[in-house]
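Some notes on the structure that comes next.
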Amino acid sequence: MIRFLKQVISSEKGQALPIVLALLILGGLTIAPSLSYAYTNLNSSRILREGVIGVCAADAGVEDALWCLRHGISPSQQLPENINQMEVTIQTEDKGTYTLSQHSSYLDVDGEVVWDEIAEAYKYTITVIWQPGSGTPDVKLDEVRARLPIDYSYQSGSAASFIENLDTSEPDETVDTQGSYLLNWEFKSPKPSVSEEEPVRTQTFYITGEGSQVNNYTSWVVASRSDIGTVGETTGTSYRITATAIRPEDGKTTARIVADAMIGGGATYIVSWQISN
């Protein structure tokens, strides 16, 4: 018996087979999960990459629509060229005229346009109101500005008709990208102010025109105090822009951006920006 055991132990025949079989079994158990993990990583990386380049493409569609709206051009429904190998479709919805308030705790600014039968013109009044508060100082004013409705213009010399105005001189006039006149009265020293003793100041003038957008106007002021800045109300047209990036080969949507924007007063305001896929 002892001699038999010695023969078995001393013999090398068949000893490698169990080791090879064990390695094959171990490899079979680990290779399949490893390949699945590698595939999942590659697929996730591809989806993530497509999402990133899709967002960039959709962003280009929104920016194109905003540029067209700022320049009075009707936005296209699709970009003429693919961006990042993606087709980009664009939908632009006109949601009407809205007003954004930009009030300060020190100042309030209001604008009003009413028909004056005697003058046979629209009377435009900008009202600057000092806001009462404990320790609130006087507020010096640097400028008062107005954006007129499209197709309306300032009636020359009309500011001098209102002696209570902040400034009775003629304004500086420019035209914005939408064709609206921008009026600016820049005050020289000593600058006017609003205070507890004189809390309300006005700037009134006449405008003339025949456009249908007589309610689409903007009024604001620039104050001397750095913690006040520009205050007032901006009125403009609100738009909802939806830009969708699509993979051409199978029509799959890789990214979609829905942006709410308001264009008015020569500026563009992004109210919301949502990204989805």
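Identifiers in the structure tokens: chain A, B, ... in order shown; residue index from 1 per chain; ligand index from 1 in order shown.
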Skipping near chain neighbours, those fewer than 3 positions away, what residues fall within 7 Å of Asp151 of chain A using only C-alpha atoms, listed as a PDB file with C-alpha atoms, in the first residue's frame?
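New file selection.pdb:
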ATOM      1  CA  SER A 180     -37.332 101.645 -31.928  1.00  0.00           C
ATOM      2  CA  GLY A 209     -46.781 107.741 -34.766  1.00  0.00           C
ATOM      3  CA  GLU A 210     -49.348 105.365 -36.174  1.00  0.00           C
ATOM      4  CA  GLY A 211     -47.984 101.998 -35.124  1.00  0.00           C
TER       5      GLY A 211
END
Residues within 8 Å of Asp172 of chain A, only C-alpha atoms, excluding chain neighbours under 2 positions, as a PyMOL selection string: chain A and resi 170+174+183-185
Would you save the residues from that selection as a short mmCIF file (atom, residue, chain, number, x, y, z; two decimals), in the first residue's frame, using C-alpha atoms?
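Result file again.cif:
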data_model
loop_
_atom_site.label_atom_id
_atom_site.label_comp_id
_atom_site.auth_asym_id
_atom_site.auth_seq_id
_atom_site.Cartn_x
_atom_site.Cartn_y
_atom_site.Cartn_z
CA GLU A 170 -33.78 117.75 -26.01
CA THR A 174 -30.56 106.54 -31.14
CA LEU A 183 -34.28 108.61 -25.80
CA ASN A 184 -31.73 109.57 -23.16
CA TRP A 185 -31.56 112.64 -20.95
#
Between A:Ala57, A:Ile150, A:Val139, A:Lys123, which is the closest to Tyr181 of chain A once you count only C-alpha atoms? A:Ile150
Enumerate as a short mmCIF file (atom, residue, chain, number, x, y, z; two decimals) with C-alpha atoms, in the first residue's frame all residues of segment 66-266 of chain A assigned to alpha helix (DSSP H) by DSSP on the backbone, naming them with the chain letters and numbers the document uses.
data_model
loop_
_atom_site.label_atom_id
_atom_site.label_comp_id
_atom_site.auth_asym_id
_atom_site.auth_seq_id
_atom_site.Cartn_x
_atom_site.Cartn_y
_atom_site.Cartn_z
CA LEU A 66 -32.55 84.68 -30.65
CA TRP A 67 -30.28 86.41 -33.17
CA CYS A 68 -33.07 86.42 -35.75
CA LEU A 69 -35.61 87.80 -33.28
CA ARG A 70 -33.24 90.57 -32.14
#
Could you list, as number ranges by chain, every residue within 8 Å of Asp167 of chain A, counting only C-alpha atoms and ignoring same-chain residues fewer than 2 positions away? A: 159, 165, 169, 185, 187, 203
Can you measure atom CA of Ile163 of chain A to atom CA of Ala223 of chain A for me? One decimal in Å is fine. 21.6 Å
Between atom CA of Asp138 of chain A and atom CA of Pro199 of chain A, what distance in Å does the model show, to one decimal?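 According to the coordinates, atom CA of Asp138 of chain A and atom CA of Pro199 of chain A are separated by 9.1 Å.
Of the listed residues A:Leu141, A:Asp59, A:Trp220, A:Glu164, the one whose atoms come nearest to Lys188 of chain A is A:Leu141, with distances taken using only C-alpha atoms.
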Between atom CA of Ile275 of chain A and atom CA of Ile53 of chain A lies a distance of 12.7 Å
Would you please extract all strand (DSSP E) residues from segment 45-217 of chain A, as assigned by DSSP on the backbone, and give them as an MDAnalysis selection string? chainID A and resid 87:102 107:116 121:130 139:147 152:154 172:175 181:186 193:194 200:209
List the spatial neighbours of Thr244 of chain A as a count of residues only - criterion: any atom at most 10 Å away, only C-alpha atoms, same-chain residues fewer than 3 positions off excluded. 24
Between A:Thr242, A:Ser161, A:Gln131, A:Thr125, which has the minimum distance to Glu198 of chain A (counting only C-alpha atoms)? A:Gln131
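Residues with any atom within 10 Å of segment 115-117 of chain A, counting only C-alpha atoms and excluding same-chain neighbours fewer than 4 positions away, are Ala121, Tyr122, Lys123, Tyr124, Tyr206 and Ile207 of chain A.
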With only C-alpha atoms as the counted atoms, please give the residues lying no more than 8 Å from Lys95 of chain A, apart from itself and same-chain residues fewer than 3 positions off, as a PyMOL selection string. chain A and resi 237-240
